[in-house]
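Here's the structure, in structure tokens; my notes come after.
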Number of protein chains: 2
Amino acid sequence: MPLPSWVTDLATLNLLLSVAETGSVGRAAQAHGISQPSASERLARLERRLGVPLLVRTRRGSTLTPTGEAVVAWIHPVIDAAQALADGVLSLRADQRARLRITASLTVAEYLLPRWLLVLRRGHADLEISASVANSEDVCAAIRSGRADLGFVESPDVPADLGRRVVGADGLALVVATRYPLAARAERDLRASDLIEAPLLLREPGSGTRETFMRALAGALGHTPPIHRATSLGSTATILATVRAGGGVGVVSARAAAAGLATGELVRLRVADLMLVRPLHAVWSGHAPTPLAAELIELAIGLPTPD
Amino acid sequence: MPLPSWVTDLATLNLLLSVAETGSVGRAAQAHGISQPSASERLARLERRLGVPLLVRTRRGSTLTPTGEAVVAWIHPVIDAAQALADGVLSLRADQRARLRITASLTVAEYLLPRWLLVLRRGHADLEISASVANSEDVCAAIRSGRADLGFVESPDVPADLGRRVVGADGLALVVATRYPLAARAERDLRASDLIEAPLLLREPGSGTRETFMRALAGALGHTPPIHRATSLGSTATILATVRAGGGVGVVSARAAAAGLATGELVRLRVADLMLVRPLHAVWSGHAPTPLAAELIELAIGLPTPD
DNA sequence: GATGGTCATAGGAGACCCCTATGACTAGAC
DNA sequence: GTCTAGTCATAGGGGTCTCCTATGACCATC
């Protein structure tokens, strides 16, 4: 779904933030490296498109209208999230000269690593870190070959030749749209056997989440069940979009489902006899991780893991 | 501070999200009302600017690379925040035909009202709501004159001719930069009398936060103190920017300071003998609020107020 | 092999943005 | 009073970017 076009121009929204902070269009323009007239026009256009006045321009600077202050307060979380995105992508650009090269599987890279790196960087200014995302097998391969110093995997099995340590846990969630028939039975009375006939939405064969799910199902039933009505989809986002459209029962990381659950769009199914938790391991080669890697591991264990 | 230019183009980031959901560049283009070649080129340019591959293009659609999935997960909060911004601004555009017209003072409008409206809209699809932001006096004036159906004010005094109900509380916070000298004494041993000589950063005279602060100070000291070293600034954002630069002790709403406190940039000063809490009132004219207004009030009281 | 679906490329039209130069106005200094 | 320093807005021109339509290349399926 497209967004209104005026909200699309993050640079101008950010510019408005600078005006609020500096109290002047000219100084804000300077802070952004553009000319004052350019900034002036962009802000004027923004106001026109929004349809509400944001600034009171005086001959001694510009201040916000009350409406403008509210808008600025709403812009803040957008910019903060964008900054987090920028930081994350920056660490994904594999710089060869990085002092710490990390490879992580999806869940860790998406939801945990950014925070860890943020804290780590607070201790070491100007630290060169590179990160990459891969599935569990490739993480182990990268560690073995020396292409990375530290890895994170979310599979229960870690090859014996690698050093390892548990740094947390990851839960899978079964989710359906709020209006989906099964949602009424979300809280109780669901059993693993009910899932065999459900239209399941899973990642492709070979992925970590699918493996974990199938193994848990086999554990609950005592045998590997035939899955009649399962669809394989290529990404977590696709699964969640299909679930929202009422397309079935999605199997995704609990963290990926959190946003949808919070807004009430999705409902989590609790299945009493299904254990859907797997450990998150840090892995490295050789006797011990490098000092910097060890510091990150300690930090990861110490930090409270957001559900 | 400017953001990297590629993160600035929210429309393209949103487009990538649609590709992830639909599994196809063409369908994503369609969902955004643009042509397939246009979408294709924008995505290609995004990848080029990011410096990392995001999509695997096959002849049967496009799927995300593992890196792409991580990026998509980081884009999600950006888009969600932008959506909240868009919703907020939409309700600020004063539509005359609105069924419920709300006027709110700053703190409520910024931090509480969007969430209330979100929940209210879930119960009433296609509800026409207009909101505006004003200071406490103007809110009461708008209610009296019938320009608004429901108001929210953060002052302790409500005119006797208006109906009222307490819907929450708002605390003021005294904040300094982490390296500011006073930060070391943040937790204890600070008293109201210490603030008289501090370089205070306040909103302009007549604003609600300044009134509340001065009244609390007078209450603690037993008399209205002379403020030697205070600076008046035009907006909360200006105060926070000045505080971050080490410019003094900022006096702002606790909610406005929350983000800065969470990242560790700011430190909150606790002053034992200063009461900096004020009630938030819903106000209306006549015997009772309109049914829709009453529903919103109930909802506001029931919802947990984020600190 | 034909068909339907996918994404990429090419060329041209239009919108947008930015910069420099200038004008209009105000507050404060002298 | 007058001057100066500072603010924001407007005008004109150049460059970039983005969009669209049309087309091509390729693959899976029938």
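Each chain in the structure tokens gets a letter, A, B and so on, in the order shown; residues start at 1 in every chain, and ligands are counted from 1 in the order they appear.
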
Using only C-alpha atoms (C1' of nucleotides), I'd like every residue of chain D that has an atom within 10 Å of chain A; please write them out as number ranges by chain. D: 6-10

Which residues of chain C sit at most 12 Å from chain B, using only C-alpha atoms (C1' of nucleotides)? Give each one's shortest atom pair and distance in Å (one decimal place), in chain and ascending residue order, as JSON lines.
```
{"residue": "C:DG4", "atom": "C1'", "partner": "B:Arg60", "partner_atom": "CA", "distance": 11.2}
{"residue": "C:DG5", "atom": "C1'", "partner": "B:Arg60", "partner_atom": "CA", "distance": 7.1}
{"residue": "C:DT6", "atom": "C1'", "partner": "B:Arg59", "partner_atom": "CA", "distance": 4.5}
{"residue": "C:DC7", "atom": "C1'", "partner": "B:Arg59", "partner_atom": "CA", "distance": 7.0}
{"residue": "C:DA8", "atom": "C1'", "partner": "B:Pro37", "partner_atom": "CA", "distance": 7.8}
{"residue": "C:DT9", "atom": "C1'", "partner": "B:Pro37", "partner_atom": "CA", "distance": 9.0}
{"residue": "C:DA10", "atom": "C1'", "partner": "B:Pro37", "partner_atom": "CA", "distance": 11.2}
```

Chain A contacts on chain B, only C-alpha atoms, 6 Å, as a ChimeraX atom specification: /B:2,8,10-11,20-21,32,66-67,70,74,78,81-82,85,110,133-134,237-238,241

Write the residues you've just listed into a file as a JSON list (two decimals), in the first residue's frame, and include N, CA, C and O atoms for each of them.
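Below is the file again.json, written as the result:
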```json
[["chain", "number", "residue", "atom", "x", "y", "z"],
["B", 2, "PRO", "N", 21.95, 15.46, 8.50],
["B", 2, "PRO", "CA", 21.34, 14.83, 7.35],
["B", 2, "PRO", "C", 21.50, 13.32, 7.39],
["B", 2, "PRO", "O", 22.43, 12.80, 8.00],
["B", 8, "THR", "N", 16.47, 8.21, 2.32],
["B", 8, "THR", "CA", 15.57, 9.35, 2.25],
["B", 8, "THR", "C", 14.34, 9.06, 1.42],
["B", 8, "THR", "O", 13.30, 9.69, 1.57],
["B", 10, "LEU", "N", 11.54, 7.22, 0.89],
["B", 10, "LEU", "CA", 10.65, 6.30, 1.56],
["B", 10, "LEU", "C", 9.78, 5.53, 0.58],
["B", 10, "LEU", "O", 9.42, 4.38, 0.83],
["B", 11, "ALA", "N", 9.45, 6.15, -0.54],
["B", 11, "ALA", "CA", 8.59, 5.48, -1.51],
["B", 11, "ALA", "C", 9.26, 4.22, -2.05],
["B", 11, "ALA", "O", 8.62, 3.17, -2.20],
["B", 20, "ALA", "N", 8.56, -7.71, -1.38],
["B", 20, "ALA", "CA", 8.71, -8.81, -0.43],
["B", 20, "ALA", "C", 7.38, -9.48, -0.17],
["B", 20, "ALA", "O", 7.30, -10.70, -0.05],
["B", 21, "GLU", "N", 6.31, -8.69, -0.13],
["B", 21, "GLU", "CA", 5.01, -9.25, 0.19],
["B", 21, "GLU", "C", 4.38, -9.99, -0.98],
["B", 21, "GLU", "O", 3.73, -11.01, -0.82],
["B", 32, "HIS", "N", 1.43, 0.02, -6.21],
["B", 32, "HIS", "CA", 1.78, 1.42, -5.96],
["B", 32, "HIS", "C", 1.31, 2.35, -7.06],
["B", 32, "HIS", "O", 1.60, 3.54, -7.03],
["B", 66, "PRO", "N", 19.00, -13.11, 1.71],
["B", 66, "PRO", "CA", 19.02, -13.01, 3.18],
["B", 66, "PRO", "C", 19.29, -11.58, 3.63],
["B", 66, "PRO", "O", 18.63, -11.05, 4.54],
["B", 67, "THR", "N", 20.23, -10.92, 2.98],
["B", 67, "THR", "CA", 20.49, -9.51, 3.30],
["B", 67, "THR", "C", 19.24, -8.68, 3.08],
["B", 67, "THR", "O", 18.89, -7.82, 3.91],
["B", 70, "ALA", "N", 16.82, -8.92, 5.92],
["B", 70, "ALA", "CA", 17.20, -8.10, 7.07],
["B", 70, "ALA", "C", 16.84, -6.65, 6.82],
["B", 70, "ALA", "O", 16.27, -5.97, 7.69],
["B", 74, "TRP", "N", 14.19, -4.07, 8.82],
["B", 74, "TRP", "CA", 14.52, -2.74, 9.36],
["B", 74, "TRP", "C", 13.66, -1.65, 8.74],
["B", 74, "TRP", "O", 13.46, -0.59, 9.34],
["B", 78, "VAL", "N", 10.22, 1.86, 10.04],
["B", 78, "VAL", "CA", 10.21, 3.18, 9.40],
["B", 78, "VAL", "C", 8.84, 3.44, 8.78],
["B", 78, "VAL", "O", 8.24, 4.50, 8.99],
["B", 81, "ALA", "N", 6.09, 3.96, 11.40],
["B", 81, "ALA", "CA", 6.13, 5.30, 11.99],
["B", 81, "ALA", "C", 5.61, 6.33, 10.99],
["B", 81, "ALA", "O", 4.89, 7.27, 11.37],
["B", 82, "ALA", "N", 5.95, 6.16, 9.72],
["B", 82, "ALA", "CA", 5.48, 7.09, 8.71],
["B", 82, "ALA", "C", 3.97, 7.01, 8.57],
["B", 82, "ALA", "O", 3.29, 8.03, 8.37],
["B", 85, "LEU", "N", 2.47, 8.91, 11.32],
["B", 85, "LEU", "CA", 2.57, 10.34, 11.00],
["B", 85, "LEU", "C", 1.48, 10.75, 10.02],
["B", 85, "LEU", "O", 0.80, 11.76, 10.22],
["B", 110, "GLU", "N", 0.34, 15.13, 20.94],
["B", 110, "GLU", "CA", 1.55, 14.51, 20.44],
["B", 110, "GLU", "C", 1.64, 13.03, 20.79],
["B", 110, "GLU", "O", 1.94, 12.20, 19.95],
["B", 133, "VAL", "N", -4.49, 21.29, 17.44],
["B", 133, "VAL", "CA", -3.60, 21.47, 18.58],
["B", 133, "VAL", "C", -3.64, 22.93, 19.01],
["B", 133, "VAL", "O", -3.60, 23.82, 18.16],
["B", 134, "ALA", "N", -3.75, 23.19, 20.28],
["B", 134, "ALA", "CA", -3.78, 24.57, 20.76],
["B", 134, "ALA", "C", -3.34, 24.59, 22.22],
["B", 134, "ALA", "O", -3.22, 23.54, 22.85],
["B", 237, "ALA", "N", 11.56, 20.85, 20.85],
["B", 237, "ALA", "CA", 12.71, 20.34, 20.09],
["B", 237, "ALA", "C", 13.93, 21.24, 20.27],
["B", 237, "ALA", "O", 15.05, 20.76, 20.40],
["B", 238, "THR", "N", 13.71, 22.54, 20.32],
["B", 238, "THR", "CA", 14.82, 23.46, 20.53],
["B", 238, "THR", "C", 15.45, 23.25, 21.91],
["B", 238, "THR", "O", 16.67, 23.24, 22.05],
["B", 241, "ALA", "N", 17.47, 20.06, 21.86],
["B", 241, "ALA", "CA", 18.71, 20.22, 21.08],
["B", 241, "ALA", "C", 19.74, 21.01, 21.89],
["B", 241, "ALA", "O", 20.93, 20.67, 21.91]]
```

Residues near segment 283-299 of chain B, cut-off 9 Å, only C-alpha atoms (C1' of nucleotides), skip fewer than 2 positions along chain, as number ranges by chain: B: 99-102, 116-117, 119-120, 139-140, 143-144, 146, 148-153, 158, 161-167, 281, 301-303

Would you pick out the contacts of DT3 of chain C at 12 Å or less, using only C-alpha atoms (C1' of nucleotides), so that residues sharing its chain but fewer than 3 positions from it are not included, and give the list as an NGL selection string? :D and (27-30)

Given only C-alpha atoms (C1' of nucleotides), how would the per-residue table for segment 2-30 of chain D near segment 13-23 of chain C read, listing every residue at most 10 Å away with its closest atom pair and distance in Å to one decimal, sorted by chain and number, as a Markdown table?
```
| residue | atom | partner | partner_atom | distance |
| --- | --- | --- | --- | --- |
| D:DA9 | C1' | C:DG23 | C1' | 8.4 |
| D:DT10 | C1' | C:DG23 | C1' | 7.9 |
| D:DA11 | C1' | C:DT22 | C1' | 8.6 |
| D:DG12 | C1' | C:DA21 | C1' | 9.6 |
| D:DG13 | C1' | C:DC19 | C1' | 9.4 |
| D:DG14 | C1' | C:DC19 | C1' | 9.1 |
| D:DG15 | C1' | C:DC18 | C1' | 8.7 |
| D:DT16 | C1' | C:DC17 | C1' | 8.2 |
| D:DC17 | C1' | C:DC16 | C1' | 7.8 |
| D:DT18 | C1' | C:DA15 | C1' | 8.2 |
| D:DC19 | C1' | C:DG14 | C1' | 8.3 |
| D:DC20 | C1' | C:DA13 | C1' | 8.9 |
```

File dump, residues just selected, N, CA, C and O atoms (P, O5', C5', C4', C3', O3' and C1' of nucleotides), as a tab-separated table (two decimals), in the first residue's frame:
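File selection_16.tsv, as written:
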```tsv
chain	number	residue	atom	x	y	z
D	9	DA	P	9.95	31.85	4.13
D	9	DA	O5'	9.92	32.91	2.94
D	9	DA	C5'	9.09	34.04	3.06
D	9	DA	C4'	8.98	34.76	1.72
D	9	DA	C3'	8.62	33.87	0.53
D	9	DA	O3'	7.66	34.55	-0.27
D	9	DA	C1'	10.73	34.92	0.13
D	10	DT	P	7.07	33.86	-1.59
D	10	DT	O5'	7.94	34.44	-2.79
D	10	DT	C5'	8.04	35.84	-2.96
D	10	DT	C4'	8.91	36.17	-4.15
D	10	DT	C3'	8.63	35.35	-5.42
D	10	DT	O3'	8.50	36.24	-6.50
D	10	DT	C1'	10.93	35.30	-4.91
D	11	DA	P	8.01	35.70	-7.94
D	11	DA	O5'	9.36	35.73	-8.80
D	11	DA	C5'	10.19	36.90	-8.78
D	11	DA	C4'	11.35	36.71	-9.74
D	11	DA	C3'	11.05	35.83	-10.94
D	11	DA	O3'	11.72	36.34	-12.08
D	11	DA	C1'	12.83	34.89	-9.72
D	12	DG	P	11.32	35.87	-13.56
D	12	DG	O5'	12.66	35.19	-14.08
D	12	DG	C5'	13.91	35.85	-13.87
D	12	DG	C4'	15.04	34.87	-14.15
D	12	DG	C3'	14.76	33.89	-15.30
D	12	DG	O3'	15.94	33.74	-16.06
D	12	DG	C1'	15.29	32.69	-13.36
D	13	DG	P	15.88	33.10	-17.50
D	13	DG	O5'	17.00	31.99	-17.34
D	13	DG	C5'	18.22	32.31	-16.64
D	13	DG	C4'	18.94	31.03	-16.27
D	13	DG	C3'	18.85	29.93	-17.34
D	13	DG	O3'	20.11	29.30	-17.45
D	13	DG	C1'	18.07	29.11	-15.29
D	14	DG	P	20.45	28.47	-18.74
D	14	DG	O5'	21.11	27.20	-18.05
D	14	DG	C5'	22.00	27.37	-16.93
D	14	DG	C4'	22.04	26.10	-16.14
D	14	DG	C3'	22.09	24.82	-17.00
D	14	DG	O3'	23.10	23.97	-16.48
D	14	DG	C1'	20.31	24.70	-15.46
D	15	DG	P	23.67	22.87	-17.44
D	15	DG	O5'	23.46	21.58	-16.53
D	15	DG	C5'	23.81	21.65	-15.14
D	15	DG	C4'	22.94	20.66	-14.39
D	15	DG	C3'	22.89	19.27	-15.02
D	15	DG	O3'	23.49	18.34	-14.12
D	15	DG	C1'	20.72	20.04	-14.39
D	16	DT	P	23.70	16.88	-14.58
D	16	DT	O5'	22.61	16.15	-13.68
D	16	DT	C5'	22.37	16.63	-12.35
D	16	DT	C4'	21.10	16.02	-11.81
D	16	DT	C3'	20.95	14.53	-12.12
D	16	DT	O3'	20.76	13.84	-10.91
D	16	DT	C1'	18.96	15.71	-12.67
D	17	DC	P	20.85	12.24	-10.90
D	17	DC	O5'	19.33	11.91	-10.56
D	17	DC	C5'	18.57	12.87	-9.84
D	17	DC	C4'	17.09	12.63	-10.03
D	17	DC	C3'	16.75	11.15	-10.25
D	17	DC	O3'	15.74	10.81	-9.33
D	17	DC	C1'	15.73	12.50	-11.90
D	18	DT	P	15.38	9.29	-9.16
D	18	DT	O5'	13.93	9.21	-9.79
D	18	DT	C5'	13.01	10.24	-9.50
D	18	DT	C4'	11.79	10.10	-10.38
D	18	DT	C3'	11.43	8.64	-10.67
D	18	DT	O3'	10.05	8.45	-10.45
D	18	DT	C1'	11.61	9.85	-12.68
D	19	DC	P	9.42	7.01	-10.41
D	19	DC	O5'	8.23	7.08	-11.45
D	19	DC	C5'	7.48	8.29	-11.62
D	19	DC	C4'	7.12	8.48	-13.06
D	19	DC	C3'	6.69	7.21	-13.76
D	19	DC	O3'	5.28	7.07	-13.71
D	19	DC	C1'	8.13	8.55	-15.14
D	20	DC	P	4.64	5.70	-14.13
D	20	DC	O5'	4.43	5.82	-15.71
D	20	DC	C5'	3.80	6.97	-16.26
D	20	DC	C4'	3.95	6.94	-17.77
D	20	DC	C3'	3.61	5.60	-18.37
D	20	DC	O3'	2.50	5.68	-19.24
D	20	DC	C1'	5.77	6.35	-19.12
```
